[in-house]
Amino acid sequence: MNSAVIVDAVRTPSGRGKPGGTLAHWHPVDLLATTLRALIDRTGIDPALIDDVIGGCLAQIGSQSVNVTRNAVLAAGFPESVPGTTIDRQCGSSQQAATFAAQGVMAGSYDVVIACGVELMSAHPIGSATLGDDPYGSAVAARYPEGLVGQGVSAELVAARWNLSRRDLDEFAARSHRLAASADFSRETIPIDGLTTDETVRPGTTVEALASLSPAFVDDALGRRFPEIDWRITAGNSSPLTDGASAVLIMSEERAALLGLTPRARFRGFAVTGSDPVEMLTGIMPATRRVLSRTGLGLDDIDVAEVNEAFASVPLAWQREFDADPERINPKGGAIALGHALGSSGTRLLTTLLGALEERDGTFGLQTMCEGGGMANATVIERL
């Protein structure tokens, strides 16, 4: 089996995902194309060598429809012979894209492939993909007669199950902004429209300021259904609406050597799991256990863990479940500060994980992402 390596990874700075955000006027095809072009320019490879481009995008409607990845390949000026496809594993779409890309290399189906993702939430906010239609159908409704819930309510259920207080959540959110504000992202970001730093980071965030925010998902009917909820998830301890794109160049170790390229990391293992679609955000627990088992590693071997901060309750629950060292979790901040441009987040996390490993002189990094519908991906990489 071939070894799949990461040659380079780039991302846009995170833009506020609402009108007035710096990236809000971009077409998602052009935003992703600019990122793809930057990745090629940095590595100097001939784009004609690319066997495939696999992209993640959650809201595949409107300007993000009709295979946004293939359209971005064409917009980037790549040869018409380079294909592209777009996948949806909800928030983990581009992490799954990286998994498929690496697995294709390991199986010998690809020599050179790009995994990427894009989401313009200013144009397509959460929920816009359904356009008022029922995405579940009668059989799912029959299986879950009390009904499924939104992710904010799921985040509340996670907070209740792991006994996370409002102060726990707000302290973690403030930490995310503090770490992100002091981190150096210059190697991973490409300047775009004069934006060189993440627009979503709020350096002055304090626990006291966060404590003044009202819970964002209060619903009396759901409160009766789930009496354990005391409504502690707010806009401040959740990830913000975000615009962004990211891309990772993956190839076989042999092809990298032939091209005179120095890989930055090697893929060591992958896992994907399903979980309760009501509690929804807990799949990162079994996914972590599965990927560690497959790689023969223990959590103590992991130098950096990127656990996506969709809501503060998710990484905090993961930390408590595994009794993990908090200093190794999201050391450069996470999505609460850096944003969560849904389809882009998987390869954004991978890009940040790579940089954090290098800065800390670490060896093994783990990335895991909770996903809508009750799923999760986990990936382990080894810095080279």
# chains A, B, ... in the order shown; residues from 1 in each chain; ligands from 1

call {"tool": "residues_around", "arguments": {"residues": "Gly362 (chain A)", "least_positions_apart": "5", "cutoff": "10 Å", "atoms": "only C-alpha atoms", "output": "list in words"}}
result
Asp301, Ile302, Asp303, Val304, Leu354, Ala356, Leu357, Glu382, Arg383 and Leu384 of chain A

call {"tool": "residues_around", "arguments": {"residues": "Ala265 (chain A)", "least_positions_apart": "6", "cutoff": "12 Å", "atoms": "only C-alpha atoms", "output": "PDB file with C-alpha atoms, in the first residue's frame"}}
result
ATOM      1  CA  SER A   3       1.977   6.088   1.747  1.00  0.00           C
ATOM      2  CA  ALA A   4      -0.174   9.219   1.400  1.00  0.00           C
ATOM      3  CA  VAL A   5       1.540  12.481   2.362  1.00  0.00           C
ATOM      4  CA  ILE A   6       0.596  16.121   2.710  1.00  0.00           C
ATOM      5  CA  VAL A   7       2.845  18.392   0.673  1.00  0.00           C
ATOM      6  CA  ASP A   8       1.210  21.699   1.560  1.00  0.00           C
ATOM      7  CA  ALA A   9      -2.016  23.225   2.869  1.00  0.00           C
ATOM      8  CA  ALA A 102      -5.557   9.973   0.911  1.00  0.00           C
ATOM      9  CA  VAL A 248      -4.554  20.489   0.871  1.00  0.00           C
ATOM     10  CA  LEU A 249      -2.175  18.905  -1.679  1.00  0.00           C
ATOM     11  CA  ILE A 250      -1.916  15.142  -1.147  1.00  0.00           C
ATOM     12  CA  MET A 251       0.187  12.663  -3.077  1.00  0.00           C
ATOM     13  CA  SER A 252       2.074   9.405  -2.797  1.00  0.00           C
ATOM     14  CA  GLU A 253       5.420   9.631  -1.036  1.00  0.00           C
ATOM     15  CA  ALA A 256       6.601  13.633  -4.021  1.00  0.00           C
ATOM     16  CA  LEU A 350      -6.064  19.928   8.924  1.00  0.00           C
ATOM     17  CA  THR A 351      -4.129  23.009   7.772  1.00  0.00           C
ATOM     18  CA  LEU A 353      -3.166  21.043  12.835  1.00  0.00           C
ATOM     19  CA  LEU A 354      -0.197  20.746  10.515  1.00  0.00           C
ATOM     20  CA  GLY A 355       1.121  24.161  11.520  1.00  0.00           C
ATOM     21  CA  LEU A 357       2.523  20.226  15.055  1.00  0.00           C
ATOM     22  CA  GLU A 358       5.432  21.954  13.352  1.00  0.00           C
ATOM     23  CA  GLY A 362       5.267  17.338  17.678  1.00  0.00           C
ATOM     24  CA  THR A 363       4.929  14.039  15.871  1.00  0.00           C
ATOM     25  CA  PHE A 364       1.310  12.888  15.905  1.00  0.00           C
ATOM     26  CA  GLY A 365      -1.788  15.008  15.404  1.00  0.00           C
ATOM     27  CA  VAL A 380      -4.380  10.955  12.544  1.00  0.00           C
ATOM     28  CA  ILE A 381      -1.364  12.443  10.800  1.00  0.00           C
ATOM     29  CA  GLU A 382       2.352  12.094  11.466  1.00  0.00           C
ATOM     30  CA  ARG A 383       4.603  15.106  10.976  1.00  0.00           C
ATOM     31  CA  LEU A 384       7.629  14.430   8.785  1.00  0.00           C
TER      32      LEU A 384
END

call {"tool": "select_by_dssp", "arguments": {"residues": "region 156-375 of chain A", "states": "strand (DSSP E)", "output": "PDB file with C-alpha atoms, in the first residue's frame"}}
result
ATOM      1  CA  THR A 242     -18.223  32.171   8.451  1.00  0.00           C
ATOM      2  CA  ASP A 243     -17.059  32.490   4.843  1.00  0.00           C
ATOM      3  CA  GLY A 244     -13.916  30.667   3.778  1.00  0.00           C
ATOM      4  CA  ALA A 245     -12.091  28.110   1.655  1.00  0.00           C
ATOM      5  CA  SER A 246      -9.138  25.787   2.198  1.00  0.00           C
ATOM      6  CA  ALA A 247      -7.121  23.222   0.227  1.00  0.00           C
ATOM      7  CA  VAL A 248      -4.554  20.489   0.871  1.00  0.00           C
ATOM      8  CA  LEU A 249      -2.175  18.905  -1.679  1.00  0.00           C
ATOM      9  CA  ILE A 250      -1.916  15.142  -1.147  1.00  0.00           C
ATOM     10  CA  MET A 251       0.187  12.663  -3.077  1.00  0.00           C
ATOM     11  CA  SER A 252       2.074   9.405  -2.797  1.00  0.00           C
ATOM     12  CA  ALA A 265       3.124  15.016   7.082  1.00  0.00           C
ATOM     13  CA  ARG A 266       1.916  11.482   6.447  1.00  0.00           C
ATOM     14  CA  PHE A 267      -1.602  10.141   6.951  1.00  0.00           C
ATOM     15  CA  ARG A 268      -1.610   7.417   9.591  1.00  0.00           C
ATOM     16  CA  GLY A 269      -5.275   6.518  10.040  1.00  0.00           C
ATOM     17  CA  PHE A 270      -8.921   7.365   9.498  1.00  0.00           C
ATOM     18  CA  ALA A 271     -12.269   6.632  11.109  1.00  0.00           C
ATOM     19  CA  VAL A 272     -15.857   7.645  10.533  1.00  0.00           C
ATOM     20  CA  THR A 273     -18.801   6.747  12.753  1.00  0.00           C
ATOM     21  CA  GLY A 274     -22.487   7.344  13.142  1.00  0.00           C
ATOM     22  CA  ILE A 302      -1.055  12.658  20.357  1.00  0.00           C
ATOM     23  CA  ASP A 303       0.870  15.925  20.539  1.00  0.00           C
ATOM     24  CA  VAL A 304      -1.919  18.127  19.160  1.00  0.00           C
ATOM     25  CA  ALA A 305      -5.644  17.423  18.946  1.00  0.00           C
ATOM     26  CA  GLU A 306      -7.904  19.593  16.805  1.00  0.00           C
ATOM     27  CA  VAL A 307     -11.441  19.020  18.063  1.00  0.00           C
ATOM     28  CA  PHE A 364       1.310  12.888  15.905  1.00  0.00           C
ATOM     29  CA  GLY A 365      -1.788  15.008  15.404  1.00  0.00           C
ATOM     30  CA  LEU A 366      -5.444  14.029  15.682  1.00  0.00           C
ATOM     31  CA  GLN A 367      -8.363  15.829  14.083  1.00  0.00           C
ATOM     32  CA  THR A 368     -11.998  15.050  14.817  1.00  0.00           C
ATOM     33  CA  MET A 369     -15.217  16.741  13.781  1.00  0.00           C
ATOM     34  CA  CYS A 370     -18.824  16.322  14.903  1.00  0.00           C
ATOM     35  CA  GLU A 371     -21.325  16.383  12.053  1.00  0.00           C
ATOM     36  CA  MET A 375     -21.742  11.390  12.516  1.00  0.00           C
TER      37      MET A 375
END

call {"tool": "residues_around", "arguments": {"residues": "Val218 (chain A)", "least_positions_apart": "6", "cutoff": "12 Å", "atoms": "only C-alpha atoms", "output": "list in words"}}
result
Gly150, Gly152, Val153, Glu156, Arg224, Phe226, Ile229, Asp230, Trp231, Arg232, Ile233 and Thr234 of chain A

call {"tool": "write_last_selection", "arguments": {"atoms": "N, CA and C atoms", "output": "PDB file, in the first residue's frame"}}
result
ATOM      1  N   GLY A 150     -32.345  20.647  16.296  1.00  0.00           N
ATOM      2  CA  GLY A 150     -31.232  21.392  15.736  1.00  0.00           C
ATOM      3  C   GLY A 150     -29.960  21.173  16.531  1.00  0.00           C
ATOM      4  N   GLY A 152     -28.005  23.265  17.962  1.00  0.00           N
ATOM      5  CA  GLY A 152     -27.909  24.036  19.195  1.00  0.00           C
ATOM      6  C   GLY A 152     -28.505  23.291  20.374  1.00  0.00           C
ATOM      7  N   VAL A 153     -29.627  22.617  20.151  1.00  0.00           N
ATOM      8  CA  VAL A 153     -30.239  21.815  21.207  1.00  0.00           C
ATOM      9  C   VAL A 153     -29.359  20.606  21.518  1.00  0.00           C
ATOM     10  N   GLU A 156     -26.728  21.620  23.778  1.00  0.00           N
ATOM     11  CA  GLU A 156     -27.244  21.718  25.134  1.00  0.00           C
ATOM     12  C   GLU A 156     -27.293  20.333  25.797  1.00  0.00           C
ATOM     13  N   ARG A 224     -39.453  21.033  27.904  1.00  0.00           N
ATOM     14  CA  ARG A 224     -40.291  20.019  28.546  1.00  0.00           C
ATOM     15  C   ARG A 224     -39.877  18.616  28.120  1.00  0.00           C
ATOM     16  N   PHE A 226     -36.803  17.764  27.171  1.00  0.00           N
ATOM     17  CA  PHE A 226     -35.475  17.492  27.713  1.00  0.00           C
ATOM     18  C   PHE A 226     -35.291  18.319  28.997  1.00  0.00           C
ATOM     19  N   ILE A 229     -31.951  20.126  30.246  1.00  0.00           N
ATOM     20  CA  ILE A 229     -31.395  21.335  29.648  1.00  0.00           C
ATOM     21  C   ILE A 229     -31.684  22.548  30.530  1.00  0.00           C
ATOM     22  N   ASP A 230     -30.639  23.335  30.808  1.00  0.00           N
ATOM     23  CA  ASP A 230     -30.897  24.599  31.506  1.00  0.00           C
ATOM     24  C   ASP A 230     -30.473  25.795  30.646  1.00  0.00           C
ATOM     25  N   TRP A 231     -30.324  25.569  29.345  1.00  0.00           N
ATOM     26  CA  TRP A 231     -30.104  26.607  28.347  1.00  0.00           C
ATOM     27  C   TRP A 231     -28.861  27.458  28.658  1.00  0.00           C
ATOM     28  N   ARG A 232     -27.724  26.950  28.202  1.00  0.00           N
ATOM     29  CA  ARG A 232     -26.456  27.634  28.468  1.00  0.00           C
ATOM     30  C   ARG A 232     -25.623  27.889  27.217  1.00  0.00           C
ATOM     31  N   ILE A 233     -26.089  27.442  26.057  1.00  0.00           N
ATOM     32  CA  ILE A 233     -25.366  27.662  24.806  1.00  0.00           C
ATOM     33  C   ILE A 233     -25.784  29.023  24.236  1.00  0.00           C
ATOM     34  N   THR A 234     -24.804  29.884  23.984  1.00  0.00           N
ATOM     35  CA  THR A 234     -25.054  31.233  23.461  1.00  0.00           C
ATOM     36  C   THR A 234     -24.297  31.439  22.161  1.00  0.00           C
TER      37      THR A 234
END

call {"tool": "atom_distance", "arguments": {"atom1": "CA of Gly21 (chain A)", "atom2": "CA of Glu199 (chain A)"}}
result
8.1 Å

call {"tool": "closest_residue", "arguments": {"among": "A:Gln90, A:Ser14, A:Thr379, A:Thr295", "to": "Gly334 (chain A)", "atoms": "only C-alpha atoms"}}
result
A:Ser14

call {"tool": "residues_around", "arguments": {"residues": "Asp184 (chain A)", "least_positions_apart": "5", "cutoff": "10 Å", "atoms": "only C-alpha atoms", "output": "PyMOL selection string"}}
result
chain A and resi 179+189+197+332+355-356+359

call {"tool": "write_last_selection", "arguments": {"atoms": "N, CA and C atoms", "output": "mmCIF file, in the first residue's frame"}}
result
data_model
loop_
_atom_site.group_PDB
_atom_site.id
_atom_site.type_symbol
_atom_site.label_atom_id
_atom_site.label_comp_id
_atom_site.auth_asym_id
_atom_site.auth_seq_id
_atom_site.Cartn_x
_atom_site.Cartn_y
_atom_site.Cartn_z
ATOM 1 N N LEU A 179 -6.185 32.487 22.425
ATOM 2 C CA LEU A 179 -5.153 31.718 21.737
ATOM 3 C C LEU A 179 -5.065 32.100 20.260
ATOM 4 N N THR A 189 -2.316 30.951 5.789
ATOM 5 C CA THR A 189 -3.337 31.798 5.169
ATOM 6 C C THR A 189 -2.808 32.525 3.942
ATOM 7 N N THR A 197 -5.821 38.501 8.279
ATOM 8 C CA THR A 197 -6.073 37.802 9.539
ATOM 9 C C THR A 197 -7.543 37.426 9.622
ATOM 10 N N LYS A 332 -4.075 26.683 19.066
ATOM 11 C CA LYS A 332 -4.095 27.971 18.371
ATOM 12 C C LYS A 332 -5.510 28.554 18.318
ATOM 13 N N GLY A 355 0.293 23.071 11.028
ATOM 14 C CA GLY A 355 1.121 24.161 11.520
ATOM 15 C C GLY A 355 1.404 24.051 13.004
ATOM 16 N N ALA A 356 0.405 23.631 13.789
ATOM 17 C CA ALA A 356 0.593 23.503 15.234
ATOM 18 C C ALA A 356 1.598 22.408 15.562
ATOM 19 N N GLU A 359 5.074 23.835 14.841
ATOM 20 C CA GLU A 359 5.485 24.837 15.823
ATOM 21 C C GLU A 359 5.868 24.205 17.155
#

call {"tool": "closest_residue", "arguments": {"among": "A:Thr130, A:Thr69, A:Ser186, A:Gln319", "to": "Thr35 (chain A)", "atoms": "only C-alpha atoms"}}
result
A:Thr69

call {"tool": "decode", "arguments": {"residues": "region 99-117 of chain A", "atoms": "C-alpha atoms", "output": "mmCIF file, in the first residue's frame"}}
result
data_model
loop_
_atom_site.group_PDB
_atom_site.id
_atom_site.type_symbol
_atom_site.label_atom_id
_atom_site.label_comp_id
_atom_site.auth_asym_id
_atom_site.auth_seq_id
_atom_site.Cartn_x
_atom_site.Cartn_y
_atom_site.Cartn_z
ATOM 1 C CA THR A 99 -9.839 10.993 3.754
ATOM 2 C CA PHE A 100 -11.096 9.941 0.326
ATOM 3 C CA ALA A 101 -8.128 11.656 -1.326
ATOM 4 C CA ALA A 102 -5.557 9.973 0.911
ATOM 5 C CA GLN A 103 -7.267 6.595 0.640
ATOM 6 C CA GLY A 104 -7.228 6.927 -3.150
ATOM 7 C CA VAL A 105 -3.482 7.527 -3.040
ATOM 8 C CA MET A 106 -2.926 4.630 -0.643
ATOM 9 C CA ALA A 107 -4.952 2.315 -2.896
ATOM 10 C CA GLY A 108 -2.992 3.366 -5.985
ATOM 11 C CA SER A 109 -5.930 5.067 -7.700
ATOM 12 C CA TYR A 110 -4.331 8.529 -7.432
ATOM 13 C CA ASP A 111 -0.797 9.849 -7.527
ATOM 14 C CA VAL A 112 -1.648 13.514 -6.943
ATOM 15 C CA VAL A 113 -4.939 14.829 -5.569
ATOM 16 C CA ILE A 114 -6.274 17.947 -3.866
ATOM 17 C CA ALA A 115 -8.755 17.876 -0.993
ATOM 18 C CA CYS A 116 -10.526 21.163 -0.368
ATOM 19 C CA GLY A 117 -13.695 22.844 0.784
#
